[in-house]
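Pasting structure_18.txt here (compact mmCIF, C-alpha atoms):
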# COMPACT_ATOMS: atom_id res chain seq x y z
CA MET A 1 0.00 0.00 0.00
CA THR A 2 1.62 3.22 -1.12
CA THR A 3 0.96 6.59 0.44
CA SER A 4 -1.60 8.79 -1.25
CA LEU A 5 0.14 11.67 -2.97
CA LYS A 6 -2.62 14.16 -2.17
CA LEU A 7 -0.95 17.07 -0.45
CA LYS A 8 -3.60 17.06 2.26
CA ASP A 9 -2.69 13.49 3.17
CA LEU A 10 1.04 14.09 2.82
CA SER A 11 0.84 17.09 5.15
CA LYS A 12 -0.13 14.71 7.96
CA LYS A 13 3.03 12.65 7.49
CA GLU A 14 6.03 13.24 9.67
CA MET A 15 8.65 15.31 7.89
CA LEU A 16 11.87 13.34 7.99
CA LEU A 17 14.09 16.33 7.25
CA ALA A 18 14.06 18.74 10.17
CA PRO A 19 14.14 22.53 9.86
CA GLY A 20 17.21 24.35 11.08
CA HIS A 21 19.40 22.92 8.33
CA ARG A 22 21.86 25.43 6.90
CA MET A 23 20.96 25.24 3.25
CA CYS A 24 20.71 28.65 1.61
CA GLN A 25 17.32 30.32 1.55
CA GLY A 26 15.30 29.01 -1.37
CA CYS A 27 17.54 25.97 -1.94
CA GLY A 28 16.28 23.46 -4.49
CA ALA A 29 18.05 20.49 -2.90
CA ALA A 30 16.08 20.84 0.33
CA ILE A 31 12.82 20.76 -1.65
CA VAL A 32 13.94 17.69 -3.58
CA VAL A 33 14.92 15.74 -0.45
CA LYS A 34 11.69 16.73 1.26
CA MET A 35 9.59 15.47 -1.68
CA VAL A 36 11.52 12.21 -1.95
CA LEU A 37 11.20 11.43 1.76
CA LEU A 38 7.48 12.27 1.69
CA ALA A 39 6.90 9.83 -1.15
CA ILE A 40 8.64 6.84 0.46
CA ASP A 41 6.57 4.69 2.81
CA LYS A 42 9.12 2.22 4.12
CA PRO A 43 11.82 2.99 6.70
CA VAL A 44 14.73 4.62 4.89
CA VAL A 45 18.47 4.52 5.38
CA ALA A 46 20.20 7.31 3.48
CA CYS A 47 23.73 8.20 2.55
CA SER A 48 25.23 11.37 1.11
CA PRO A 49 28.65 12.01 -0.28
CA THR A 50 30.31 15.36 0.30
CA GLY A 51 28.25 18.14 -1.14
CA CYS A 52 25.93 20.99 -0.23
CA LEU A 53 23.35 18.67 1.23
CA GLU A 54 25.86 16.89 3.42
CA VAL A 55 27.59 19.94 4.87
CA THR A 56 24.37 21.79 5.55
CA THR A 57 22.40 18.99 7.17
CA CYS A 58 25.14 17.81 9.48
CA ILE A 59 26.97 20.67 11.09
CA SER A 60 29.01 19.75 14.16
CA ASP A 61 26.70 18.21 16.77
CA TYR A 62 23.52 18.81 14.84
CA THR A 63 21.69 16.74 12.29
CA ALA A 64 18.66 17.61 10.21
CA TRP A 65 17.95 13.96 9.47
CA LYS A 66 15.35 11.97 11.31
CA ILE A 67 16.43 8.78 9.55
CA PRO A 68 19.68 6.82 9.79
CA TRP A 69 22.05 8.74 7.56
CA ILE A 70 25.67 8.16 6.65
CA HIS A 71 28.13 10.66 5.31
CA SER A 72 30.79 9.03 3.21
CA ALA A 73 33.60 10.54 1.18
CA PHE A 74 33.00 12.38 -2.08
CA GLU A 75 33.68 9.42 -4.36
CA ASN A 76 32.02 6.50 -2.64
CA ALA A 77 28.43 7.13 -1.57
CA ALA A 78 27.19 4.34 -3.84
CA ALA A 79 29.83 1.92 -2.51
CA THR A 80 28.91 2.81 1.09
CA MET A 81 25.25 2.19 0.43
CA ALA A 82 26.06 -1.04 -1.40
CA GLY A 83 27.85 -2.23 1.75
CA VAL A 84 24.95 -1.29 3.99
CA GLU A 85 22.49 -3.01 1.70
CA THR A 86 24.62 -6.16 1.55
CA MET A 87 24.83 -6.28 5.35
CA TYR A 88 21.07 -5.83 5.56
CA ARG A 89 20.53 -8.77 3.21
CA ALA A 90 22.95 -10.91 5.22
CA LEU A 91 21.26 -10.05 8.52
CA LYS A 92 17.85 -10.68 7.02
CA LYS A 93 18.94 -14.09 5.79
CA ARG A 94 20.07 -14.96 9.31
CA GLY A 95 16.76 -13.81 10.72
CA LYS A 96 18.23 -10.88 12.65
CA ILE A 97 16.19 -8.24 10.80
CA SER A 98 12.58 -8.67 9.79
CA GLN A 99 11.77 -5.11 8.70
CA ASP A 100 11.61 -4.05 5.07
CA ILE A 101 14.07 -1.22 4.67
CA SER A 102 14.81 0.93 1.63
CA PHE A 103 18.19 2.40 0.82
CA VAL A 104 18.60 5.80 -0.78
CA VAL A 105 21.63 7.83 -1.80
CA PHE A 106 21.28 11.60 -2.11
CA ALA A 107 24.21 12.89 -4.08
CA GLY A 108 24.96 16.11 -5.88
CA ASP A 109 26.08 16.30 -9.47
CA GLY A 110 29.76 16.50 -8.48
CA GLY A 111 29.46 13.29 -6.49
CA THR A 112 27.55 11.62 -9.31
CA TYR A 113 28.74 12.85 -12.72
CA ASP A 114 32.40 13.24 -11.82
CA ILE A 115 33.92 12.08 -8.56
CA GLY A 116 31.47 9.34 -7.60
CA LEU A 117 30.96 7.86 -11.06
CA GLN A 118 33.10 4.74 -10.70
CA SER A 119 31.57 3.65 -7.38
CA LEU A 120 28.10 4.42 -8.73
CA SER A 121 28.76 2.41 -11.88
CA GLY A 122 30.05 -0.50 -9.80
CA ALA A 123 27.09 -0.50 -7.42
CA MET A 124 24.63 -0.41 -10.33
CA GLU A 125 26.46 -3.21 -12.13
CA ARG A 126 26.44 -5.42 -9.02
CA GLY A 127 22.69 -4.95 -8.81
CA HIS A 128 22.29 -3.66 -5.26
CA ASP A 129 18.73 -2.91 -4.25
CA MET A 130 18.99 0.82 -3.79
CA LEU A 131 17.78 4.11 -5.18
CA TYR A 132 20.42 6.60 -6.21
CA ILE A 133 19.17 10.16 -6.41
CA CYS A 134 21.26 12.85 -8.01
CA TYR A 135 20.15 16.38 -7.17
CA ASP A 136 21.65 18.18 -10.12
CA ASN A 137 22.44 21.85 -9.56
CA GLY A 138 24.97 21.91 -12.34
CA ALA A 139 28.26 22.77 -10.58
CA TYR A 140 30.22 22.36 -7.36
CA MET A 141 28.02 24.83 -5.50
CA ASN A 142 29.24 23.87 -2.03
CA THR A 143 32.74 25.15 -2.70
CA GLY A 144 31.74 28.20 -4.71
CA THR A 145 30.45 27.22 -8.16
CA GLN A 146 33.26 25.37 -9.89
CA ARG A 147 32.32 23.72 -13.18
CA SER A 148 31.31 20.05 -13.14
CA GLY A 149 30.38 17.49 -15.77
CA ALA A 150 26.80 18.65 -15.27
CA THR A 151 27.41 22.33 -15.96
CA PRO A 152 25.56 23.36 -19.13
CA PHE A 153 27.28 24.62 -22.26
CA GLY A 154 28.15 28.31 -22.03
CA ALA A 155 27.56 28.71 -18.30
CA SER A 156 29.92 30.97 -16.43
CA THR A 157 31.41 29.41 -13.30
CA THR A 158 34.44 30.33 -11.20
CA THR A 159 36.59 27.82 -13.12
CA SER A 160 35.07 28.62 -16.51
CA PRO A 161 34.54 32.37 -16.08
CA ALA A 162 33.05 34.19 -19.04
CA GLY A 163 35.41 36.88 -20.24
CA SER A 164 37.50 37.91 -23.21
CA SER A 165 39.25 34.51 -23.50
CA VAL A 166 36.35 32.09 -23.12
CA PRO A 167 32.58 32.68 -23.12
CA GLY A 168 31.87 30.32 -20.21
CA LYS A 169 32.09 26.54 -20.17
CA MET A 170 32.93 25.26 -23.65
CA GLN A 171 31.83 21.64 -23.21
CA HIS A 172 28.37 20.14 -23.24
CA ARG A 173 26.83 18.35 -20.26
CA LYS A 174 27.46 14.70 -19.68
CA ASP A 175 24.24 12.78 -20.27
CA ILE A 176 24.36 10.91 -16.98
CA THR A 177 20.79 9.63 -17.16
CA ARG A 178 21.58 7.78 -20.38
CA ILE A 179 24.92 6.59 -19.01
CA MET A 180 23.03 5.01 -16.14
CA ALA A 181 20.44 3.59 -18.54
CA ALA A 182 23.30 1.96 -20.44
CA HIS A 183 23.96 -0.12 -17.30
CA ASN A 184 20.69 -1.86 -18.17
CA ILE A 185 19.30 -1.32 -14.69
CA PRO A 186 15.54 -1.76 -14.17
CA TYR A 187 14.61 1.88 -13.64
CA VAL A 188 16.11 5.21 -14.65
CA ALA A 189 14.24 8.51 -14.62
CA GLN A 190 14.60 12.24 -14.74
CA ALA A 191 12.39 14.53 -12.64
CA SER A 192 11.93 18.13 -11.59
CA PRO A 193 10.54 19.57 -8.33
CA SER A 194 8.20 21.87 -10.27
CA HIS A 195 6.27 18.75 -11.33
CA HIS A 196 6.02 17.31 -7.85
CA LEU A 197 3.38 14.71 -8.61
CA ASP A 198 5.47 13.31 -11.43
CA LEU A 199 8.54 13.33 -9.17
CA MET A 200 6.84 11.56 -6.28
CA ARG A 201 5.21 8.99 -8.58
CA LYS A 202 8.63 8.17 -9.99
CA ILE A 203 10.00 7.73 -6.47
CA GLN A 204 7.13 5.41 -5.56
CA LYS A 205 7.56 3.46 -8.77
CA ALA A 206 11.30 3.11 -8.14
CA MET A 207 10.65 1.90 -4.59
CA SER A 208 8.32 -0.79 -5.89
CA ILE A 209 11.06 -2.24 -8.11
CA SER A 210 13.86 -4.30 -6.63
CA GLY A 211 17.38 -3.76 -7.92
CA PRO A 212 19.36 -0.62 -8.67
CA LYS A 213 17.46 2.53 -9.59
CA PHE A 214 18.71 5.95 -10.64
CA ILE A 215 16.76 9.21 -10.68
CA ASN A 216 18.25 12.51 -11.76
CA ILE A 217 16.42 15.48 -10.28
CA LEU A 218 16.97 19.10 -11.26
CA SER A 219 17.79 21.20 -8.23
CA PRO A 220 18.03 24.94 -8.85
CA CYS A 221 20.70 26.83 -6.92
CA HIS A 222 20.16 30.56 -7.04
CA ARG A 223 23.65 31.32 -5.67
CA GLY A 224 25.39 29.44 -8.46
CA TRP A 225 22.83 30.16 -11.14
CA ARG A 226 22.91 33.84 -10.18
CA SER A 227 19.16 34.18 -10.04
CA LYS A 228 16.68 35.22 -7.35
CA SER A 229 16.11 33.43 -4.06
CA ASP A 230 12.45 32.73 -4.79
CA ASP A 231 12.67 31.19 -8.26
CA ALA A 232 13.77 27.59 -7.61
CA ILE A 233 10.41 26.19 -8.65
CA ALA A 234 9.81 28.72 -11.42
CA LEU A 235 13.20 27.95 -13.00
CA SER A 236 12.75 24.19 -12.77
CA ARG A 237 9.36 24.62 -14.48
CA LEU A 238 11.01 26.64 -17.25
CA ALA A 239 13.67 23.93 -17.61
CA VAL A 240 10.93 21.38 -18.26
CA ASN A 241 8.90 23.62 -20.57
CA THR A 242 11.92 24.53 -22.70
CA CYS A 243 12.80 20.81 -22.93
CA TYR A 244 16.19 21.56 -21.36
CA TRP A 245 15.17 19.04 -18.70
CA PRO A 246 12.72 16.59 -20.27
CA LEU A 247 10.75 14.45 -17.82
CA PHE A 248 11.02 10.82 -18.79
CA GLU A 249 11.56 7.38 -17.37
CA MET A 250 13.19 4.24 -18.69
CA ASP A 251 11.40 1.25 -17.29
CA ASN A 252 13.37 -1.87 -18.21
CA GLY A 253 14.88 -0.10 -21.19
CA LYS A 254 11.61 1.33 -22.53
CA THR A 255 11.80 5.10 -22.72
CA GLN A 256 8.61 6.98 -21.94
CA LEU A 257 8.09 10.72 -21.67
CA THR A 258 6.01 11.45 -18.58
CA HIS A 259 5.26 15.06 -19.42
CA THR A 260 5.04 16.97 -22.68
CA PRO A 261 5.00 20.75 -22.39
CA LYS A 262 1.78 22.30 -23.71
CA GLU A 263 3.94 24.79 -25.57
CA LYS A 264 7.64 24.17 -26.09
CA LEU A 265 9.31 27.42 -25.05
CA PRO A 266 12.58 28.71 -26.53
CA LEU A 267 15.67 27.91 -24.44
CA LYS A 268 16.28 31.65 -24.02
CA ASP A 269 13.37 31.80 -21.57
CA PHE A 270 15.25 29.44 -19.24
CA LEU A 271 18.62 31.15 -19.70
CA ARG A 272 17.56 34.79 -19.35
CA PRO A 273 16.73 34.88 -15.61
CA GLN A 274 20.10 33.34 -14.75
CA GLY A 275 23.17 35.52 -14.30
CA ARG A 276 25.47 32.64 -15.24
CA PHE A 277 24.16 32.95 -18.82
CA ALA A 278 23.98 36.78 -18.95
CA HIS A 279 27.02 37.00 -21.26
CA LEU A 280 25.31 34.75 -23.84
CA PHE A 281 22.92 37.57 -24.70
CA ARG A 282 25.74 39.70 -26.09
CA PRO A 283 25.80 39.57 -29.92
CA GLU A 284 29.22 37.87 -30.15
CA ASN A 285 28.03 34.96 -27.98
CA GLU A 286 24.63 34.30 -29.50
CA TRP A 287 25.97 31.30 -31.40
CA ILE A 288 26.20 29.49 -28.05
CA ILE A 289 22.48 29.83 -27.46
CA GLU A 290 21.78 28.74 -31.04
CA GLN A 291 24.01 25.70 -30.68
CA SER A 292 22.43 24.74 -27.34
CA GLN A 293 18.95 25.16 -28.81
CA THR A 294 19.88 22.94 -31.78
CA GLN A 295 21.19 20.28 -29.40
CA ILE A 296 18.05 20.39 -27.24
CA ASP A 297 15.75 20.22 -30.29
CA ALA A 298 17.70 17.25 -31.66
CA ASP A 299 17.54 15.40 -28.32
CA TRP A 300 13.83 16.16 -27.94
CA ASN A 301 12.98 15.08 -31.48
CA ALA A 302 15.03 11.92 -31.06
CA MET A 303 13.08 11.09 -27.94
CA ILE A 304 9.71 11.64 -29.61
CA GLY A 305 10.94 9.86 -32.73
CA ALA A 306 11.87 6.83 -30.63
CA GLY A 307 8.21 6.47 -29.73
CA ALA A 308 8.52 7.93 -26.27
CA GLY A 309 5.29 9.91 -26.52
CA ALA A 310 3.80 11.13 -23.27
CA SER A 311 1.94 8.51 -21.31
CA GLY A 312 -0.74 10.99 -20.30
CA VAL A 313 0.10 14.51 -19.29
CA ILE A 314 0.02 15.03 -15.57
CA GLU A 315 -1.75 18.23 -14.63
CA GLU A 316 0.09 20.13 -11.96
CA MET B 1 13.27 20.13 22.46
CA LYS B 2 15.55 18.90 25.21
CA THR B 3 18.66 17.41 23.73
CA LYS B 4 21.83 16.24 25.29
CA LEU B 5 24.22 17.07 22.53
CA ILE B 6 27.45 15.62 23.69
CA ASN B 7 27.95 12.46 25.62
CA GLN B 8 30.54 13.73 28.09
CA SER B 9 31.52 10.34 29.46
CA ASN B 10 33.68 9.37 26.51
CA CYS B 11 34.14 12.84 25.04
CA ARG B 12 32.90 11.80 21.60
CA PRO B 13 30.20 13.94 20.10
CA VAL B 14 27.09 11.81 20.00
CA ILE B 15 23.87 13.16 18.63
CA THR B 16 21.16 11.62 20.76
CA GLU B 17 18.18 13.27 19.14
CA PRO B 18 17.28 12.88 15.46
CA GLY B 19 16.59 16.16 13.74
CA ASN B 20 18.18 18.26 16.48
CA SER B 21 19.06 20.89 13.90
CA ALA B 22 15.69 22.29 14.97
CA LEU B 23 17.64 23.89 17.81
CA LEU B 24 19.29 26.14 15.23
CA LYS B 25 16.89 28.97 14.55
CA THR B 26 17.54 29.99 10.96
CA GLY B 27 14.83 32.65 11.10
CA THR B 28 17.51 35.21 11.93
CA TRP B 29 18.71 35.05 8.30
CA ARG B 30 15.50 36.65 7.08
CA THR B 31 15.14 40.11 5.62
CA LEU B 32 11.73 39.60 3.99
CA GLU B 33 8.86 37.92 5.76
CA PRO B 34 5.82 36.14 4.31
CA VAL B 35 2.40 37.47 5.24
CA LEU B 36 -0.65 35.22 4.91
CA ASN B 37 -4.06 36.51 3.94
CA LYS B 38 -6.41 33.61 4.64
CA GLU B 39 -9.23 35.23 2.63
CA HIS B 40 -7.35 34.56 -0.59
CA CYS B 41 -6.03 31.12 0.41
CA ILE B 42 -7.47 28.06 -1.33
CA ASN B 43 -5.37 25.65 0.79
CA CYS B 44 -3.72 24.07 -2.24
CA LEU B 45 -0.74 23.47 0.12
CA LEU B 46 1.82 24.14 -2.62
CA CYS B 47 3.54 26.62 -0.28
CA TRP B 48 3.83 23.86 2.31
CA LEU B 49 5.30 21.47 -0.24
CA TYR B 50 7.75 23.92 -1.81
CA CYS B 51 9.04 25.47 1.43
CA PRO B 52 12.69 24.37 1.75
CA ASP B 53 12.64 25.08 5.49
CA MET B 54 9.50 23.25 6.58
CA SER B 55 8.18 26.60 7.80
CA VAL B 56 4.61 26.55 6.54
CA ILE B 57 2.32 25.35 9.32
CA VAL B 58 -0.55 23.17 8.12
CA ARG B 59 -3.27 21.80 10.40
CA ASP B 60 -6.03 19.54 9.10
CA GLY B 61 -5.19 20.41 5.52
CA LYS B 62 -5.35 24.16 6.13
CA VAL B 63 -2.53 26.66 6.04
CA GLU B 64 -2.31 28.22 9.49
CA GLY B 65 0.73 30.45 9.16
CA PHE B 66 4.51 30.36 9.17
CA ASP B 67 7.08 29.12 11.60
CA MET B 68 9.20 32.23 11.89
CA ASP B 69 11.86 30.40 13.89
CA TYR B 70 13.06 28.78 10.68
CA CYS B 71 11.68 30.79 7.72
CA LYS B 72 14.66 32.21 5.84
CA GLY B 73 12.45 34.52 3.79
CA CYS B 74 13.29 33.10 0.36
CA GLY B 75 9.86 33.97 -1.03
CA ILE B 76 9.16 30.73 -2.94
CA CYS B 77 5.79 30.41 -1.15
CA ALA B 78 4.73 33.88 -2.30
CA LEU B 79 5.94 33.41 -5.89
CA GLU B 80 4.23 30.03 -6.27
CA CYS B 81 1.00 31.04 -4.49
CA HIS B 82 -2.02 30.76 -6.82
CA GLY B 83 -4.38 32.57 -4.46
CA LYS B 84 -7.97 33.25 -5.32
CA LYS B 85 -9.14 35.22 -8.39
CA GLY B 86 -5.67 36.53 -9.09
CA GLU B 87 -5.14 37.76 -5.53
CA LYS B 88 -2.22 36.03 -3.87
CA ALA B 89 -2.68 34.74 -0.34
CA ILE B 90 1.01 35.13 0.49
CA LEU B 91 2.96 38.32 0.01
CA MET B 92 6.49 39.15 1.07
CA ARG B 93 7.24 42.34 2.97
CA LYS B 94 10.34 43.80 4.54
CA GLU B 95 10.65 42.63 8.08
CA GLU B 96 11.09 45.27 10.73
CA LYS B 97 13.57 44.10 13.28
CA GLU B 98 14.15 45.70 16.66

Would you give me this structure, written as C-alpha cells?
Amino acid sequence: MTTSLKLKDLSKKEMLLAPGHRMCQGCGAAIVVKMVLLAIDKPVVACSPTGCLEVTTCISDYTAWKIPWIHSAFENAAATMAGVETMYRALKKRGKISQDISFVVFAGDGGTYDIGLQSLSGAMERGHDMLYICYDNGAYMNTGTQRSGATPFGASTTTSPAGSSVPGKMQHRKDITRIMAAHNIPYVAQASPSHHLDLMRKIQKAMSISGPKFINILSPCHRGWRSKSDDAIALSRLAVNTCYWPLFEMDNGKTQLTHTPKEKLPLKDFLRPQGRFAHLFRPENEWIIEQSQTQIDADWNAMIGAGAGASGVIEE
Amino acid sequence: MKTKLINQSNCRPVITEPGNSALLKTGTWRTLEPVLNKEHCINCLLCWLYCPDMSVIVRDGKVEGFDMDYCKGCGICALECHGKKGEKAILMRKEEKE
C-alpha cells in the first residue's frame, strides 16, 4: 500500500528532514529531499557524499535527518550504500532483521557525474537494491560554483569564467541519465521539483522495483545560477517547458516521456533569468544559445521519434 | 526540544536526538517575511510542499501560518501562491527588526 500523494494526506506525514538545516534560503536540494522522503513509505536509510546537502544537514553536533544517515567521502556514496544493503541482506537471511528497509543515496552532481561515477557504476552493475538520487544543480556549489560534468554549455562558473578569453564553459553536459540507462538497470528517470506529482510517482515506482534505480532530479541553486532566491520552482518549471530538462523514465529499457510541455518554449526563456548565462545575450556569444537550442531540439525530437510519446500529461 | 548534545563520558560527540538541527533557529537570516491573507487562500498546500525550510504550518489540511523560527524569507511560497481570483494569499514584505 503506497501513500496517497494528495498534499492534504502528505501534510499529515512526519517530515523526515528537520528545519534548522543550513541550506541557503530558497535551496532546491532541500525541496527535492523533502519530496523524496514524503513519497517513500518504508523505513529509509540514506547516505550522502560530500556536497551541499551533506555539509548543511550535518553541522558539528547537529543533524537535520530523522532517519539513519551516513556521510561518506566524495567518491564512494554508492559503494557505502552497497555495503549497507549487503549487510542488511545478510542479517535478514540470518533472521536478525525482519523489517523491510529501503536504501537511498542523495548525491549532488559533483558526487555523481564526476567524482562518484566509478563507485556508482560498480554498485549499479552489481545490482544492489537501492535508489540513487542525483540532485543536479549543475556545478560544485558547495565550494563556490566550480564547473562540473553537469554544468551546461556556455555557463559561467568560477573555473570557466566568461570573459574575453572564453565565453563560459565550452563543453556540453554529460548525459548521466543515459549513461546510467546503459547499465541496463531496471529503472532510470529524470524529474523536476516543479512537477512534484510526477517526481513523487517516480519515487514510488522506483521503490516498488527491486534492484538498482537511478533518478536525476533538477535542483536549482540561485547562488550558483545567479538568479533570485524565490525562483527555484519557477526555473525548474522553465527547464521542463523549454525541454532543457525533459521528464522521462526508462522502465526496463523502454523510454517513456512522462510530461510533454503544452507549448515548447525557446531555451532563451530558461537562460535569461540566470546571471550565469547573462554573457550569452551579447551579440558575439549568440551562437552558443543557437548551438544549445539545436542540441536540445535534436535530443527532444530523437526522444519523440523513438516512440517515447507522453503517457498521459500530468496536470500540476 | 531537550537534547543532550554531547555524551561527556567518553568525550565523543554523539547526537542523541534525530533532527536536532531544529535547535538552530535559521529565522535570523531573514530580511523579507511572508504574510498570509487567509481570505485569498485556497489551501492548495503548494507553499507547504515547496518550502525548503518546513516553515509553513498546516493543520487539518489548512494553512495556518509560518514558523518564523526557521523561515529564511526566500519567497518561494509567495511566488508560487495561486491565491484566489488573481489575488495572492502570500505576500512578502520587509521585516522590521528591533

Cut-off 8 Å around (11.6, 42.4, 7.9) with all atoms listed in the file: residues as an mmCIF file with C-alpha atoms, in the frame of the given file:
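Written out: part_3.cif:
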data_model
loop_
_atom_site.group_PDB
_atom_site.id
_atom_site.type_symbol
_atom_site.label_atom_id
_atom_site.label_comp_id
_atom_site.auth_asym_id
_atom_site.auth_seq_id
_atom_site.Cartn_x
_atom_site.Cartn_y
_atom_site.Cartn_z
ATOM 1 C CA ARG B 30 15.500 36.650 7.080
ATOM 2 C CA THR B 31 15.140 40.110 5.620
ATOM 3 C CA LEU B 32 11.730 39.600 3.990
ATOM 4 C CA GLU B 33 8.860 37.920 5.760
ATOM 5 C CA ARG B 93 7.240 42.340 2.970
ATOM 6 C CA LYS B 94 10.340 43.800 4.540
ATOM 7 C CA GLU B 95 10.650 42.630 8.080
ATOM 8 C CA GLU B 96 11.090 45.270 10.730
ATOM 9 C CA LYS B 97 13.570 44.100 13.280
#

Exercise. Contacts of Lys84 (chain B) at 9 Å or less, counting all atoms listed in the file, minus same-chain residues fewer than 2 places along, as a list in words?
Worked result: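 Contacts, with the query itself left out: Glu39, His40, Cys41, Ile42, His82, Gly86, Glu87, Lys88 and Ala89 of chain B.
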
For this session: Would you kindly return, as a PyMOL selection string, each protein, DNA or RNA residue with an atom no farther than 9 Å from any atom of Leu37 (chain A), considering only C-alpha atoms and excluding same-chain residues fewer than 4 positions away?
Result: chain A and resi 15-17+32-33+41+44

Rows by chain and residue number, chain A within 7 Å of chain B, shortest pair, only C-alpha atoms, as CSV:
residue,atom,partner,partner_atom,distance
A:Leu7,CA,B:Leu45,CA,6.4
A:Lys8,CA,B:Gly61,CA,4.9
A:Ser11,CA,B:Gly61,CA,6.9
A:Leu17,CA,B:Gly19,CA,7.0
A:Ala18,CA,B:Gly19,CA,5.1
A:Pro19,CA,B:Asp53,CA,5.3
A:Gly20,CA,B:Ala22,CA,4.7
A:His21,CA,B:Ser21,CA,5.9
A:Gln25,CA,B:Cys74,CA,5.0
A:Gly26,CA,B:Cys74,CA,4.9
A:Cys27,CA,B:Pro52,CA,6.3
A:Ala30,CA,B:Pro52,CA,5.1
A:Ile31,CA,B:Pro52,CA,5.0
A:Asp61,CA,B:Ile15,CA,6.1
A:Tyr62,CA,B:Ser21,CA,5.0
A:Thr63,CA,B:Ser21,CA,5.2
A:Ala64,CA,B:Gly19,CA,4.3
A:Trp65,CA,B:Gly19,CA,5.0
A:Lys66,CA,B:Pro18,CA,4.7
A:Ser229,CA,B:Cys74,CA,5.3
A:Asp230,CA,B:Ile76,CA,4.3
A:Asp231,CA,B:Ile76,CA,6.4

For this session: Please indicate the distance in Å from CA of Val166 (chain A) to CA of Phe153 (chain A), rounded to one decimal place.
Result: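 Separation of CA of Val166 (chain A) and CA of Phe153 (chain A): 11.8 Å.
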
For this session: Go through A:Leu280, A:Val105, A:Met35, A:Met170 and flag the residue nearest Leu199 (chain A), using all atoms listed in the file for the distances.
Result: A:Met35

Exercise. If you measure from CA of Gln274 (chain A) to CA of Leu36 (chain B), what distance in Å do you get, rounded to one decimal?
Worked result: 28.6 Å

Problem set entry | Point-to-point distance from CA of Ser210 (chain A) to CA of His71 (chain A), Å rounded to tenths |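 About the pair CA of Ser210 (chain A) and CA of His71 (chain A): they are 23.9 Å apart.
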
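Residue nearest Ala78 (chain A) within the list A:Lys92, A:His196, A:Lys205, A:Lys213: A:Lys213 [criterion: smallest interatomic distance, only C-alpha atoms].
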
Problem set entry | Residues within 9 Å of Phe248 (chain A), only C-alpha atoms, excluding chain neighbours under 6 positions, as a PyMOL selection string | chain A and resi 188-191+255-259+308+310

Exercise. Nearest to Phe281 (chain A): which of A:Ala155, A:Met124, A:Ala206, A:Ile115 is it, counting all atoms listed in the file?
Worked result: A:Ala155

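Using only C-alpha atoms for every distance, the candidate list A:Glu54, A:Asp100, A:Glu85, A:Glu249 yields A:Glu85 as the residue closest to Ala123 (chain A).
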
For this session: Do a neighbour search on region 293-306 of chain A at 9 Å with all atoms listed in the file, toss out local chain neighbours closer than 6 positions, and write the hits as a ChimeraX atom specification.
Result: /A:242-244,246,255-257,266-268

Can you write just those residues out, C-alpha atoms, as an mmCIF file, keeping the file's coordinate frame?
data_model
loop_
_atom_site.group_PDB
_atom_site.id
_atom_site.type_symbol
_atom_site.label_atom_id
_atom_site.label_comp_id
_atom_site.auth_asym_id
_atom_site.auth_seq_id
_atom_site.Cartn_x
_atom_site.Cartn_y
_atom_site.Cartn_z
ATOM 1 C CA THR A 242 11.920 24.530 -22.700
ATOM 2 C CA CYS A 243 12.800 20.810 -22.930
ATOM 3 C CA TYR A 244 16.190 21.560 -21.360
ATOM 4 C CA PRO A 246 12.720 16.590 -20.270
ATOM 5 C CA THR A 255 11.800 5.100 -22.720
ATOM 6 C CA GLN A 256 8.610 6.980 -21.940
ATOM 7 C CA LEU A 257 8.090 10.720 -21.670
ATOM 8 C CA PRO A 266 12.580 28.710 -26.530
ATOM 9 C CA LEU A 267 15.670 27.910 -24.440
ATOM 10 C CA LYS A 268 16.280 31.650 -24.020
#

For this session: Identify, on the basis of all atoms listed in the file, every residue whose closest approach to Ile176 (chain A) does not exceed 7 Å; exclude the query and any residue fewer than 3 positions from it along the same chain; express the result as JSON, numbers by chain.
Result: {"A": [113, 179, 180]}

Problem set entry | Counting all atoms listed in the file, the residue of A:Thr260, A:Ala182, A:Asn216, A:Pro167 that sits nearest Trp287 (chain A) | A:Pro167

Exercise. Of the residues A:Gly83, A:Pro161, A:Gly28, A:Gly122, which is the one nearest to Ile185 (chain A), using all atoms listed in the file?
Worked result: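 Of the candidates, the smallest distance to Ile185 (chain A) is held by A:Gly122.
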